[in-house]
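K.L.:
Enclosed is the structure file final_0.txt (compact mmCIF, N, CA and C atoms and all ligand atoms).
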```
# COMPACT_ATOMS: atom_id res chain seq x y z
N MET X 1 -23.42 48.54 15.33
CA MET X 1 -23.44 48.13 13.91
C MET X 1 -22.67 46.85 13.70
N PHE X 2 -23.27 45.94 12.86
CA PHE X 2 -22.55 44.70 12.54
C PHE X 2 -21.59 44.93 11.38
N PRO X 3 -20.47 44.25 11.35
CA PRO X 3 -19.58 44.35 10.17
C PRO X 3 -20.26 43.74 8.96
N LYS X 4 -20.00 44.27 7.75
CA LYS X 4 -20.64 43.78 6.53
C LYS X 4 -20.17 42.37 6.19
N SER X 5 -18.93 42.07 6.42
CA SER X 5 -18.44 40.72 6.16
C SER X 5 -17.27 40.43 7.07
N ILE X 6 -17.06 39.18 7.29
CA ILE X 6 -15.91 38.78 8.10
C ILE X 6 -14.96 37.98 7.22
N ARG X 7 -13.74 38.42 7.10
CA ARG X 7 -12.77 37.71 6.28
C ARG X 7 -12.15 36.56 7.05
N ALA X 8 -12.10 35.41 6.43
CA ALA X 8 -11.40 34.29 7.04
C ALA X 8 -9.91 34.60 7.02
N PRO X 9 -9.20 34.13 8.04
CA PRO X 9 -7.74 34.35 8.01
C PRO X 9 -7.12 33.69 6.78
N ARG X 10 -6.16 34.32 6.17
CA ARG X 10 -5.59 33.81 4.91
C ARG X 10 -4.97 32.43 5.03
N THR X 11 -4.47 32.11 6.19
CA THR X 11 -3.79 30.83 6.34
C THR X 11 -4.77 29.68 6.58
N GLY X 12 -6.04 30.01 6.77
CA GLY X 12 -7.01 28.98 7.13
C GLY X 12 -7.07 27.80 6.19
N SER X 13 -6.97 28.05 4.87
CA SER X 13 -7.15 26.98 3.91
C SER X 13 -5.92 26.08 3.79
N LEU X 14 -4.83 26.43 4.41
CA LEU X 14 -3.60 25.64 4.26
C LEU X 14 -3.53 24.45 5.22
N LEU X 15 -4.52 24.38 6.12
CA LEU X 15 -4.41 23.38 7.18
C LEU X 15 -4.39 21.94 6.67
N THR X 16 -5.05 21.65 5.52
CA THR X 16 -5.13 20.26 5.07
C THR X 16 -4.00 19.89 4.11
N ALA X 17 -3.17 20.84 3.73
CA ALA X 17 -2.15 20.58 2.70
C ALA X 17 -1.15 19.45 3.01
N PRO X 18 -0.59 19.37 4.20
CA PRO X 18 0.44 18.34 4.42
C PRO X 18 -0.04 16.91 4.18
N ALA X 19 -1.26 16.60 4.57
CA ALA X 19 -1.78 15.24 4.38
C ALA X 19 -1.85 14.92 2.89
N ARG X 20 -2.30 15.84 2.06
CA ARG X 20 -2.39 15.61 0.61
C ARG X 20 -1.01 15.36 0.00
N ASP X 21 -0.03 16.16 0.42
CA ASP X 21 1.32 15.98 -0.10
C ASP X 21 1.82 14.57 0.18
N HIS X 22 1.52 14.10 1.36
CA HIS X 22 1.98 12.77 1.73
C HIS X 22 1.34 11.71 0.82
N GLU X 23 0.05 11.84 0.54
CA GLU X 23 -0.62 10.90 -0.35
C GLU X 23 0.04 10.87 -1.72
N ARG X 24 0.38 12.04 -2.23
CA ARG X 24 1.02 12.11 -3.55
C ARG X 24 2.33 11.34 -3.58
N GLU X 25 3.10 11.47 -2.52
CA GLU X 25 4.41 10.82 -2.48
C GLU X 25 4.30 9.31 -2.50
N THR X 26 3.26 8.78 -1.88
CA THR X 26 3.15 7.34 -1.79
C THR X 26 2.38 6.75 -2.96
N ALA X 27 1.79 7.60 -3.80
CA ALA X 27 1.05 7.09 -4.96
C ALA X 27 2.02 6.46 -5.96
N MET X 28 1.55 5.48 -6.74
CA MET X 28 2.41 4.84 -7.72
C MET X 28 2.60 5.74 -8.93
N SER X 29 3.68 5.50 -9.64
CA SER X 29 3.94 6.26 -10.85
C SER X 29 3.12 5.71 -12.00
N ILE X 30 3.15 6.45 -13.09
CA ILE X 30 2.41 6.06 -14.29
C ILE X 30 3.41 5.72 -15.40
N VAL X 31 3.25 4.55 -15.99
CA VAL X 31 3.99 4.20 -17.20
C VAL X 31 3.09 4.56 -18.37
N TYR X 32 3.63 5.30 -19.35
CA TYR X 32 2.79 5.77 -20.43
C TYR X 32 3.40 5.45 -21.78
N LEU X 33 2.53 5.26 -22.76
CA LEU X 33 2.95 4.93 -24.12
C LEU X 33 2.49 6.04 -25.05
N ILE X 34 3.45 6.63 -25.76
CA ILE X 34 3.14 7.69 -26.72
C ILE X 34 3.29 7.15 -28.13
N HIS X 35 2.31 7.42 -28.97
CA HIS X 35 2.34 7.03 -30.38
C HIS X 35 2.59 8.27 -31.23
N PHE X 36 3.61 8.21 -32.10
CA PHE X 36 3.89 9.34 -33.00
C PHE X 36 3.01 9.21 -34.23
N ASN X 37 2.38 10.28 -34.62
CA ASN X 37 1.50 10.22 -35.79
C ASN X 37 2.27 10.05 -37.10
N GLN X 38 3.57 10.32 -37.04
CA GLN X 38 4.48 10.03 -38.16
C GLN X 38 5.71 9.39 -37.53
N ALA X 39 6.32 8.41 -38.19
CA ALA X 39 7.51 7.80 -37.62
C ALA X 39 8.67 8.79 -37.64
N TYR X 40 9.49 8.77 -36.58
CA TYR X 40 10.74 9.52 -36.61
C TYR X 40 11.85 8.49 -36.83
N ARG X 41 12.48 8.48 -38.02
CA ARG X 41 13.41 7.41 -38.40
C ARG X 41 12.70 6.09 -38.15
N HIS X 42 13.22 5.26 -37.22
CA HIS X 42 12.54 3.98 -37.00
C HIS X 42 11.60 4.03 -35.81
N ALA X 43 11.58 5.17 -35.13
CA ALA X 43 10.81 5.24 -33.89
C ALA X 43 9.37 5.66 -34.16
N ARG X 44 8.47 4.92 -33.62
CA ARG X 44 7.05 5.27 -33.71
C ARG X 44 6.42 5.46 -32.35
N HIS X 45 7.18 5.11 -31.30
CA HIS X 45 6.62 5.15 -29.95
C HIS X 45 7.65 5.65 -28.95
N TYR X 46 7.14 6.16 -27.85
CA TYR X 46 7.99 6.47 -26.72
C TYR X 46 7.30 5.93 -25.47
N LEU X 47 8.07 5.20 -24.68
CA LEU X 47 7.53 4.65 -23.44
C LEU X 47 8.25 5.33 -22.29
N GLY X 48 7.50 5.88 -21.36
CA GLY X 48 8.13 6.62 -20.27
C GLY X 48 7.45 6.38 -18.94
N LEU X 49 8.03 6.98 -17.91
CA LEU X 49 7.53 6.83 -16.55
C LEU X 49 7.43 8.22 -15.93
N ALA X 50 6.32 8.50 -15.28
CA ALA X 50 6.14 9.83 -14.68
C ALA X 50 5.34 9.73 -13.40
N ASP X 51 5.65 10.63 -12.47
CA ASP X 51 4.83 10.72 -11.26
C ASP X 51 3.61 11.58 -11.54
N ASP X 52 3.82 12.60 -12.35
CA ASP X 52 2.72 13.52 -12.68
C ASP X 52 2.60 13.53 -14.21
N LEU X 53 1.69 12.69 -14.71
CA LEU X 53 1.61 12.47 -16.16
C LEU X 53 1.30 13.76 -16.93
N ASP X 54 0.34 14.54 -16.44
CA ASP X 54 -0.04 15.77 -17.16
C ASP X 54 1.14 16.72 -17.29
N ALA X 55 1.89 16.86 -16.18
CA ALA X 55 3.05 17.76 -16.21
C ALA X 55 4.10 17.23 -17.18
N ARG X 56 4.30 15.89 -17.19
CA ARG X 56 5.30 15.31 -18.08
C ARG X 56 4.90 15.49 -19.54
N LEU X 57 3.61 15.27 -19.85
CA LEU X 57 3.16 15.42 -21.23
C LEU X 57 3.30 16.87 -21.69
N ASP X 58 3.05 17.81 -20.77
CA ASP X 58 3.26 19.23 -21.10
C ASP X 58 4.72 19.49 -21.45
N ARG X 59 5.62 18.87 -20.65
CA ARG X 59 7.05 19.04 -20.93
C ARG X 59 7.41 18.46 -22.29
N HIS X 60 6.88 17.27 -22.59
CA HIS X 60 7.15 16.65 -23.89
C HIS X 60 6.64 17.54 -25.02
N ARG X 61 5.46 18.13 -24.83
CA ARG X 61 4.87 18.99 -25.86
C ARG X 61 5.80 20.15 -26.19
N SER X 62 6.53 20.62 -25.19
CA SER X 62 7.47 21.72 -25.46
C SER X 62 8.86 21.18 -25.76
N GLY X 63 8.97 19.86 -26.03
CA GLY X 63 10.24 19.29 -26.47
C GLY X 63 11.22 19.01 -25.34
N HIS X 64 10.73 18.76 -24.14
CA HIS X 64 11.60 18.47 -23.01
C HIS X 64 11.28 17.11 -22.40
N GLY X 65 12.13 16.68 -21.49
CA GLY X 65 11.86 15.47 -20.71
C GLY X 65 12.47 14.22 -21.28
N ALA X 66 12.79 14.20 -22.58
CA ALA X 66 13.43 13.03 -23.19
C ALA X 66 14.02 13.46 -24.52
N ARG X 67 15.20 12.92 -24.84
CA ARG X 67 15.87 13.28 -26.09
C ARG X 67 14.97 12.97 -27.31
N LEU X 68 14.37 11.79 -27.30
CA LEU X 68 13.53 11.42 -28.44
C LEU X 68 12.36 12.39 -28.61
N MET X 69 11.74 12.79 -27.49
CA MET X 69 10.61 13.70 -27.58
C MET X 69 11.06 15.08 -28.07
N GLN X 70 12.33 15.43 -27.78
CA GLN X 70 12.86 16.70 -28.25
C GLN X 70 13.01 16.69 -29.78
N VAL X 71 13.60 15.61 -30.33
CA VAL X 71 13.80 15.59 -31.78
C VAL X 71 12.46 15.44 -32.50
N VAL X 72 11.52 14.75 -31.87
CA VAL X 72 10.19 14.60 -32.47
C VAL X 72 9.49 15.97 -32.54
N ALA X 73 9.63 16.75 -31.45
CA ALA X 73 9.04 18.09 -31.43
C ALA X 73 9.70 18.97 -32.49
N GLU X 74 11.04 18.86 -32.61
CA GLU X 74 11.77 19.67 -33.58
C GLU X 74 11.38 19.31 -35.01
N ALA X 75 11.04 18.02 -35.23
CA ALA X 75 10.65 17.57 -36.57
C ALA X 75 9.18 17.93 -36.86
N GLY X 76 8.50 18.50 -35.87
CA GLY X 76 7.11 18.91 -36.07
C GLY X 76 6.14 17.75 -36.13
N ILE X 77 6.53 16.63 -35.53
CA ILE X 77 5.65 15.45 -35.54
C ILE X 77 4.68 15.52 -34.36
N SER X 78 3.40 15.32 -34.66
CA SER X 78 2.42 15.32 -33.57
C SER X 78 2.34 13.92 -32.99
N TRP X 79 1.84 13.83 -31.79
CA TRP X 79 1.79 12.53 -31.11
C TRP X 79 0.64 12.52 -30.12
N GLN X 80 0.35 11.33 -29.62
CA GLN X 80 -0.70 11.21 -28.62
C GLN X 80 -0.31 10.16 -27.60
N CYS X 81 -0.76 10.38 -26.37
CA CYS X 81 -0.54 9.39 -25.32
C CYS X 81 -1.68 8.39 -25.42
N VAL X 82 -1.35 7.14 -25.79
CA VAL X 82 -2.42 6.18 -26.12
C VAL X 82 -2.73 5.18 -25.01
N ARG X 83 -1.77 4.96 -24.11
CA ARG X 83 -2.04 4.02 -23.01
C ARG X 83 -1.26 4.41 -21.77
N THR X 84 -1.80 4.04 -20.62
CA THR X 84 -1.08 4.25 -19.37
C THR X 84 -1.26 3.02 -18.49
N TRP X 85 -0.27 2.79 -17.66
CA TRP X 85 -0.34 1.74 -16.65
C TRP X 85 0.12 2.32 -15.34
N GLN X 86 -0.48 1.86 -14.24
CA GLN X 86 0.07 2.20 -12.94
C GLN X 86 1.25 1.29 -12.73
N GLY X 87 2.39 1.84 -12.39
CA GLY X 87 3.55 0.97 -12.21
C GLY X 87 4.77 1.74 -11.80
N ASP X 88 5.91 1.10 -11.96
CA ASP X 88 7.16 1.71 -11.53
C ASP X 88 8.22 1.47 -12.58
N ARG X 89 9.46 1.79 -12.24
CA ARG X 89 10.59 1.67 -13.16
C ARG X 89 10.74 0.22 -13.67
N LYS X 90 10.40 -0.75 -12.81
CA LYS X 90 10.50 -2.17 -13.20
C LYS X 90 9.56 -2.49 -14.35
N LEU X 91 8.32 -2.00 -14.25
CA LEU X 91 7.35 -2.24 -15.33
C LEU X 91 7.80 -1.52 -16.60
N GLU X 92 8.30 -0.29 -16.46
CA GLU X 92 8.78 0.46 -17.62
C GLU X 92 9.88 -0.32 -18.33
N ARG X 93 10.86 -0.84 -17.56
CA ARG X 93 11.97 -1.59 -18.15
C ARG X 93 11.48 -2.85 -18.81
N TRP X 94 10.54 -3.53 -18.17
CA TRP X 94 10.00 -4.79 -18.70
C TRP X 94 9.33 -4.53 -20.05
N LEU X 95 8.50 -3.50 -20.11
CA LEU X 95 7.81 -3.19 -21.37
C LEU X 95 8.79 -2.75 -22.44
N LYS X 96 9.84 -2.01 -22.06
CA LYS X 96 10.83 -1.55 -23.03
C LYS X 96 11.63 -2.73 -23.56
N ARG X 97 12.03 -3.65 -22.67
CA ARG X 97 12.83 -4.80 -23.09
C ARG X 97 12.07 -5.67 -24.07
N LYS X 98 10.78 -5.79 -23.84
CA LYS X 98 9.97 -6.63 -24.73
C LYS X 98 9.86 -6.02 -26.14
N LYS X 99 10.19 -4.74 -26.27
CA LYS X 99 10.04 -4.04 -27.55
C LYS X 99 8.66 -4.30 -28.14
N ALA X 100 7.67 -4.27 -27.27
CA ALA X 100 6.31 -4.66 -27.65
C ALA X 100 5.42 -3.47 -27.95
N ALA X 101 5.99 -2.27 -27.96
CA ALA X 101 5.15 -1.07 -28.11
C ALA X 101 4.14 -1.16 -29.27
N PRO X 102 4.58 -1.60 -30.48
CA PRO X 102 3.60 -1.63 -31.58
C PRO X 102 2.42 -2.57 -31.32
N THR X 103 2.66 -3.65 -30.58
CA THR X 103 1.55 -4.57 -30.33
C THR X 103 0.70 -4.11 -29.15
N LEU X 104 1.23 -3.18 -28.35
CA LEU X 104 0.47 -2.67 -27.20
C LEU X 104 -0.27 -1.39 -27.52
N CYS X 105 0.01 -0.84 -28.71
CA CYS X 105 -0.54 0.46 -29.09
C CYS X 105 -1.87 0.29 -29.81
N PRO X 106 -2.94 0.85 -29.28
CA PRO X 106 -4.25 0.70 -29.94
C PRO X 106 -4.33 1.37 -31.31
N VAL X 107 -3.46 2.37 -31.57
CA VAL X 107 -3.48 3.00 -32.89
C VAL X 107 -2.86 2.06 -33.92
N CYS X 108 -1.77 1.38 -33.55
CA CYS X 108 -1.07 0.48 -34.48
C CYS X 108 -1.74 -0.89 -34.55
N ALA X 109 -2.20 -1.40 -33.44
CA ALA X 109 -2.69 -2.78 -33.40
C ALA X 109 -4.20 -2.88 -33.21
N GLY X 110 -4.88 -1.75 -33.13
CA GLY X 110 -6.33 -1.77 -32.97
C GLY X 110 -6.75 -2.17 -31.57
N ALA X 111 -8.03 -2.46 -31.42
CA ALA X 111 -8.59 -2.72 -30.09
C ALA X 111 -7.95 -3.93 -29.41
N LYS X 112 -7.42 -4.85 -30.24
CA LYS X 112 -6.78 -6.05 -29.66
C LYS X 112 -5.62 -5.69 -28.75
N ALA X 113 -4.99 -4.55 -29.04
CA ALA X 113 -3.84 -4.13 -28.23
C ALA X 113 -4.22 -4.02 -26.76
N LEU X 114 -5.46 -3.60 -26.51
CA LEU X 114 -5.88 -3.36 -25.13
C LEU X 114 -6.03 -4.65 -24.34
N LEU X 115 -6.07 -5.79 -25.07
CA LEU X 115 -6.13 -7.08 -24.38
C LEU X 115 -4.73 -7.54 -23.97
N ARG X 116 -3.71 -6.88 -24.54
CA ARG X 116 -2.33 -7.25 -24.22
C ARG X 116 -1.80 -6.36 -23.11
N ALA X 117 -1.02 -6.96 -22.23
CA ALA X 117 -0.46 -6.23 -21.08
C ALA X 117 -1.55 -5.42 -20.40
N LYS X 118 -2.67 -6.10 -20.22
CA LYS X 118 -3.83 -5.48 -19.56
C LYS X 118 -3.47 -5.08 -18.15
N GLU X 119 -3.93 -3.96 -17.74
CA GLU X 119 -3.66 -3.58 -16.35
C GLU X 119 -4.55 -4.40 -15.43
N LYS X 120 -3.91 -4.96 -14.40
CA LYS X 120 -4.67 -5.75 -13.41
C LYS X 120 -5.56 -4.83 -12.60
N ASN X 121 -6.73 -5.31 -12.26
CA ASN X 121 -7.57 -4.55 -11.34
C ASN X 121 -7.04 -4.73 -9.93
N ARG X 122 -6.88 -3.61 -9.24
CA ARG X 122 -6.34 -3.72 -7.89
C ARG X 122 -7.46 -3.69 -6.89
ZN ZN X 201 1.31 3.07 -32.29
```
Just give me the structure as structure tokens.
Ligand SMILES: [Zn+2]
P.N.:
Amino acid sequence: MFPKSIRAPRTGSLLTAPARDHERETAMSIVYLIHFNQAYRHARHYLGLADDLDARLDRHRSGHGARLMQVVAEAGISWQCVRTWQGDRKLERWLKRKKAAPTLCPVCAGAKALLRAKEKNR
């Protein structure tokens, strides 16, 4: 009699995992711009840097990851992530120093914003 099914060994699917982990480590971070749907005091935007954007946005949604995002969550202000750039801490600092968030935000400045600080094609 033949067996009805043959189970693959449980560890079989783990063989490709190390290569993927390595790719993740060498990938560039994401600089992201968040627009608050209501201003918090004078703040209308948050600019941040994350390796895993989805995980970071989830943390912000629950009021973690940044002091400003915590008070915004506590104030019940909704927000949206309106732009992202591939980059690093240097790009984040450069964009923050310029205090250019309102002109880079498509919600505040319209479609023209997307022509500013355009991401280069790599
Ligand atoms: Zn905005």
K.L.:
If the limit is 7 Å from any atom of ligand ZN 201 (chain X), counting all atoms listed in the file, which residues qualify? Return them as an mmCIF file with N, CA and C atoms, keeping the file's coordinate frame.
P.N.:
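The resulting file, result_25.cif, is reproduced below:
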```cif
data_model
loop_
_atom_site.group_PDB
_atom_site.id
_atom_site.type_symbol
_atom_site.label_atom_id
_atom_site.label_comp_id
_atom_site.auth_asym_id
_atom_site.auth_seq_id
_atom_site.Cartn_x
_atom_site.Cartn_y
_atom_site.Cartn_z
ATOM 1 N N ILE X 34 3.450 6.630 -25.760
ATOM 2 C CA ILE X 34 3.140 7.690 -26.720
ATOM 3 C C ILE X 34 3.290 7.150 -28.130
ATOM 4 N N HIS X 35 2.310 7.420 -28.970
ATOM 5 C CA HIS X 35 2.340 7.030 -30.380
ATOM 6 C C HIS X 35 2.590 8.270 -31.230
ATOM 7 N N PHE X 36 3.610 8.210 -32.100
ATOM 8 C CA PHE X 36 3.890 9.340 -33.000
ATOM 9 C C PHE X 36 3.010 9.210 -34.230
ATOM 10 N N ARG X 44 8.470 4.920 -33.620
ATOM 11 C CA ARG X 44 7.050 5.270 -33.710
ATOM 12 C C ARG X 44 6.420 5.460 -32.350
ATOM 13 N N HIS X 45 7.180 5.110 -31.300
ATOM 14 C CA HIS X 45 6.620 5.150 -29.950
ATOM 15 C C HIS X 45 7.650 5.650 -28.950
ATOM 16 N N ALA X 101 5.990 -2.270 -27.960
ATOM 17 C CA ALA X 101 5.150 -1.070 -28.110
ATOM 18 C C ALA X 101 4.140 -1.160 -29.270
ATOM 19 N N PRO X 102 4.580 -1.600 -30.480
ATOM 20 C CA PRO X 102 3.600 -1.630 -31.580
ATOM 21 C C PRO X 102 2.420 -2.570 -31.320
ATOM 22 N N LEU X 104 1.230 -3.180 -28.350
ATOM 23 C CA LEU X 104 0.470 -2.670 -27.200
ATOM 24 C C LEU X 104 -0.270 -1.390 -27.520
ATOM 25 N N CYS X 105 0.010 -0.840 -28.710
ATOM 26 C CA CYS X 105 -0.540 0.460 -29.090
ATOM 27 C C CYS X 105 -1.870 0.290 -29.810
ATOM 28 N N PRO X 106 -2.940 0.850 -29.280
ATOM 29 C CA PRO X 106 -4.250 0.700 -29.940
ATOM 30 C C PRO X 106 -4.330 1.370 -31.310
ATOM 31 N N VAL X 107 -3.460 2.370 -31.570
ATOM 32 C CA VAL X 107 -3.480 3.000 -32.890
ATOM 33 C C VAL X 107 -2.860 2.060 -33.920
ATOM 34 N N CYS X 108 -1.770 1.380 -33.550
ATOM 35 C CA CYS X 108 -1.070 0.480 -34.480
ATOM 36 C C CYS X 108 -1.740 -0.890 -34.550
ATOM 37 N N ALA X 109 -2.200 -1.400 -33.440
ATOM 38 C CA ALA X 109 -2.690 -2.780 -33.400
ATOM 39 C C ALA X 109 -4.200 -2.880 -33.210
#
```
K.L.:
Between atom CA of X:Leu95 and atom CA of X:Gln38, measure the distance and give it in Å to one decimal.
P.N.:
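Going from atom CA of X:Leu95 over to atom CA of X:Gln38, I get 21.6 Å.
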K.L.:
Just how far from atom C of X:Leu49 is atom N of X:Ala100, in Å to one decimal?
P.N.:
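Computed distance, atom N of X:Ala100 to atom C of X:Leu49, equals 16.9 Å.
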K.L.:
Skipping near chain neighbours, those fewer than 6 positions away, what residues fall within 8 Å of X:Gly65 using all atoms listed in the file, listed as a ChimeraX atom specification?
P.N.:
/X:56,58-59
